[in-house]
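Structure first, then comments.
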Amino acid sequence: MDVDQERATYIALLEVPEEKVEIVPGASADLTSMTFSIKEEDHTLGNALRWCIMQNPQVDFCGYSIPHPSEAKTHVRIQTTDSTNAIDSMNKGLDDLKAVCQLVRSKLHQRLAEGNYARSE
């Protein structure tokens, strides 16, 4: 493989897949229980997203798994009460996770601007 082919392969790996999230077959008819497959993600997103989704009182269960170490995808299983559905709960969880990340980022920038942190020589 020459340098241009290696570069093209590397760039292709960095691109986001067209279908980032898919619904795994086997969802309940009322959509209160389903599994989402998120491509190109791992424990970093899986655990944080699971935590955000579980903060919703209308969610009975949320868990994630990595089906196989050689596959670059994460499965997120959501089971909700009858008052909502798993798709809305996933969307709310993603929005909540984004808000948490924005808050952490703004607090970090605020603290760095204040300069009130330990420095090592």
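Chains: A, B, ... in order of the structure tokens. Residues: from 1 per chain. Ligands: from 1, in order shown.
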Might you pull out every residue within 9 Å of stretch 60-72 of chain A, with only C-alpha atoms counted and same-chain residues fewer than 5 positions away left off, and present them as JSON, numbers by chain? {"A": [35, 38, 39, 40, 41, 42, 43, 46, 47, 49, 50, 51, 53, 54, 77, 78, 79, 80, 81]}
Selected residues written out, N, CA, C and O atoms, as a short mmCIF file (atom, residue, chain, number, x, y, z; two decimals), in the first residue's frame:
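Dumped everything to out_19.cif:
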```cif
data_model
loop_
_atom_site.label_atom_id
_atom_site.label_comp_id
_atom_site.auth_asym_id
_atom_site.auth_seq_id
_atom_site.Cartn_x
_atom_site.Cartn_y
_atom_site.Cartn_z
N THR A 35 -33.51 -0.97 21.53
CA THR A 35 -32.05 -0.88 21.59
C THR A 35 -31.57 -0.07 20.40
O THR A 35 -31.98 -0.30 19.27
N ILE A 38 -25.11 2.70 18.15
CA ILE A 38 -24.42 3.94 17.82
C ILE A 38 -23.05 3.57 17.28
O ILE A 38 -22.22 2.99 17.98
N LYS A 39 -22.81 3.90 16.02
CA LYS A 39 -21.56 3.53 15.36
C LYS A 39 -20.42 4.45 15.76
O LYS A 39 -20.62 5.62 16.06
N GLU A 40 -19.22 3.87 15.77
CA GLU A 40 -17.98 4.59 16.03
C GLU A 40 -17.93 5.21 17.42
O GLU A 40 -17.34 6.28 17.61
N GLU A 41 -18.56 4.59 18.40
CA GLU A 41 -18.54 5.08 19.78
C GLU A 41 -18.18 3.93 20.72
O GLU A 41 -18.31 2.76 20.36
N ASP A 42 -17.76 4.29 21.93
CA ASP A 42 -17.34 3.28 22.90
C ASP A 42 -17.83 3.64 24.30
O ASP A 42 -18.84 4.34 24.44
N HIS A 43 -17.12 3.19 25.32
CA HIS A 43 -17.54 3.41 26.71
C HIS A 43 -17.62 4.88 27.08
O HIS A 43 -18.40 5.25 27.95
N GLY A 46 -21.02 5.82 25.86
CA GLY A 46 -22.01 4.89 26.39
C GLY A 46 -22.34 5.12 27.85
O GLY A 46 -23.52 5.22 28.23
N ASN A 47 -21.34 5.24 28.69
CA ASN A 47 -21.58 5.40 30.12
C ASN A 47 -22.16 6.77 30.45
O ASN A 47 -23.08 6.89 31.26
N LEU A 49 -23.93 8.74 28.43
CA LEU A 49 -25.29 8.79 27.91
C LEU A 49 -26.24 7.97 28.78
O LEU A 49 -27.35 8.40 29.09
N ARG A 50 -25.78 6.80 29.22
CA ARG A 50 -26.61 5.97 30.11
C ARG A 50 -26.95 6.74 31.38
O ARG A 50 -28.09 6.75 31.84
N TRP A 51 -25.97 7.43 31.96
CA TRP A 51 -26.21 8.20 33.18
C TRP A 51 -27.24 9.29 32.94
O TRP A 51 -28.17 9.46 33.75
N ILE A 53 -29.58 9.48 30.62
CA ILE A 53 -30.91 8.92 30.35
C ILE A 53 -31.55 8.42 31.65
O ILE A 53 -32.75 8.60 31.86
N MET A 54 -30.76 7.84 32.54
CA MET A 54 -31.31 7.33 33.80
C MET A 54 -31.76 8.44 34.74
O MET A 54 -32.50 8.18 35.71
N ARG A 77 -29.66 0.27 25.44
CA ARG A 77 -31.01 -0.29 25.64
C ARG A 77 -31.78 0.63 26.57
O ARG A 77 -31.30 0.99 27.65
N ILE A 78 -33.00 1.02 26.16
CA ILE A 78 -33.85 1.90 26.97
C ILE A 78 -35.22 1.25 27.13
O ILE A 78 -35.81 0.78 26.15
N GLN A 79 -35.71 1.24 28.38
CA GLN A 79 -37.08 0.81 28.67
C GLN A 79 -37.73 1.92 29.48
O GLN A 79 -37.17 2.37 30.48
N THR A 80 -38.91 2.35 29.02
CA THR A 80 -39.57 3.49 29.65
C THR A 80 -40.93 3.10 30.22
O THR A 80 -41.44 2.01 29.97
N THR A 81 -41.51 4.05 30.95
CA THR A 81 -42.89 3.89 31.41
C THR A 81 -43.81 4.10 30.22
O THR A 81 -43.37 4.48 29.13
#
```
* Just the strand (DSSP E or B) stuff from stretch 54-104 of chain A, please, per backbone DSSP, written as a ChimeraX atom specification. => /A:59-65,73-80
Would you write out those residues with C-alpha atoms, as an mmCIF file, in the first residue's frame?
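And here's result10.cif as it stands now:
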```
data_model
loop_
_atom_site.group_PDB
_atom_site.id
_atom_site.type_symbol
_atom_site.label_atom_id
_atom_site.label_comp_id
_atom_site.auth_asym_id
_atom_site.auth_seq_id
_atom_site.Cartn_x
_atom_site.Cartn_y
_atom_site.Cartn_z
ATOM 1 C CA VAL A 59 -37.099 5.746 32.212
ATOM 2 C CA ASP A 60 -37.286 2.380 33.986
ATOM 3 C CA PHE A 61 -34.002 0.996 32.630
ATOM 4 C CA CYS A 62 -31.058 2.100 30.531
ATOM 5 C CA GLY A 63 -27.905 0.125 29.924
ATOM 6 C CA TYR A 64 -25.196 -0.002 27.314
ATOM 7 C CA SER A 65 -22.886 -2.645 25.959
ATOM 8 C CA LYS A 73 -20.273 0.409 18.004
ATOM 9 C CA THR A 74 -22.188 0.730 21.250
ATOM 10 C CA HIS A 75 -25.648 -0.629 22.004
ATOM 11 C CA VAL A 76 -27.881 1.445 24.291
ATOM 12 C CA ARG A 77 -31.009 -0.293 25.641
ATOM 13 C CA ILE A 78 -33.852 1.895 26.967
ATOM 14 C CA GLN A 79 -37.077 0.807 28.673
ATOM 15 C CA THR A 80 -39.575 3.492 29.647
#
```
May I ask for the distance between atom CA of A:Leu94 and atom CA of A:Met34, given in Å to one decimal place?
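Calculated distance between atom CA of A:Leu94 and atom CA of A:Met34 is 15.8 Å.
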Could you jot down the atom CA of A:Asp82 to atom CA of A:Lys98 separation for me, Å, one decimal place?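 Between atom CA of A:Asp82 and atom CA of A:Lys98 the gap is 25.7 Å.
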re atom CA of A:Val24 and atom CA of A:Asp96: distance 22.9 Å
Would you kindly return, as a PDB file with N, CA, C and O atoms, in the first residue's frame, each protein, DNA or RNA residue with an atom no farther than 7 Å from any atom of A:Glu22, considering only C-alpha atoms and excluding same-chain residues fewer than 3 positions away?
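So selection_29.pdb came out as:
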```pdb
ATOM      1  N   GLU A  19     -25.164   6.807   8.720  1.00  0.00           N
ATOM      2  CA  GLU A  19     -26.171   6.338   9.669  1.00  0.00           C
ATOM      3  C   GLU A  19     -25.500   6.136  11.025  1.00  0.00           C
ATOM      4  O   GLU A  19     -25.115   5.036  11.372  1.00  0.00           O
ATOM      5  N   PHE A  36     -30.686   0.889  20.698  1.00  0.00           N
ATOM      6  CA  PHE A  36     -30.078   1.724  19.668  1.00  0.00           C
ATOM      7  C   PHE A  36     -28.642   1.269  19.469  1.00  0.00           C
ATOM      8  O   PHE A  36     -27.951   0.946  20.431  1.00  0.00           O
ATOM      9  N   SER A  37     -28.191   1.266  18.235  1.00  0.00           N
ATOM     10  CA  SER A  37     -26.797   0.970  17.917  1.00  0.00           C
ATOM     11  C   SER A  37     -26.152   2.267  17.448  1.00  0.00           C
ATOM     12  O   SER A  37     -26.595   2.871  16.474  1.00  0.00           O
ATOM     13  N   ILE A  38     -25.112   2.701  18.152  1.00  0.00           N
ATOM     14  CA  ILE A  38     -24.421   3.941  17.821  1.00  0.00           C
ATOM     15  C   ILE A  38     -23.050   3.569  17.276  1.00  0.00           C
ATOM     16  O   ILE A  38     -22.221   2.990  17.977  1.00  0.00           O
TER      17      ILE A  38
END
```
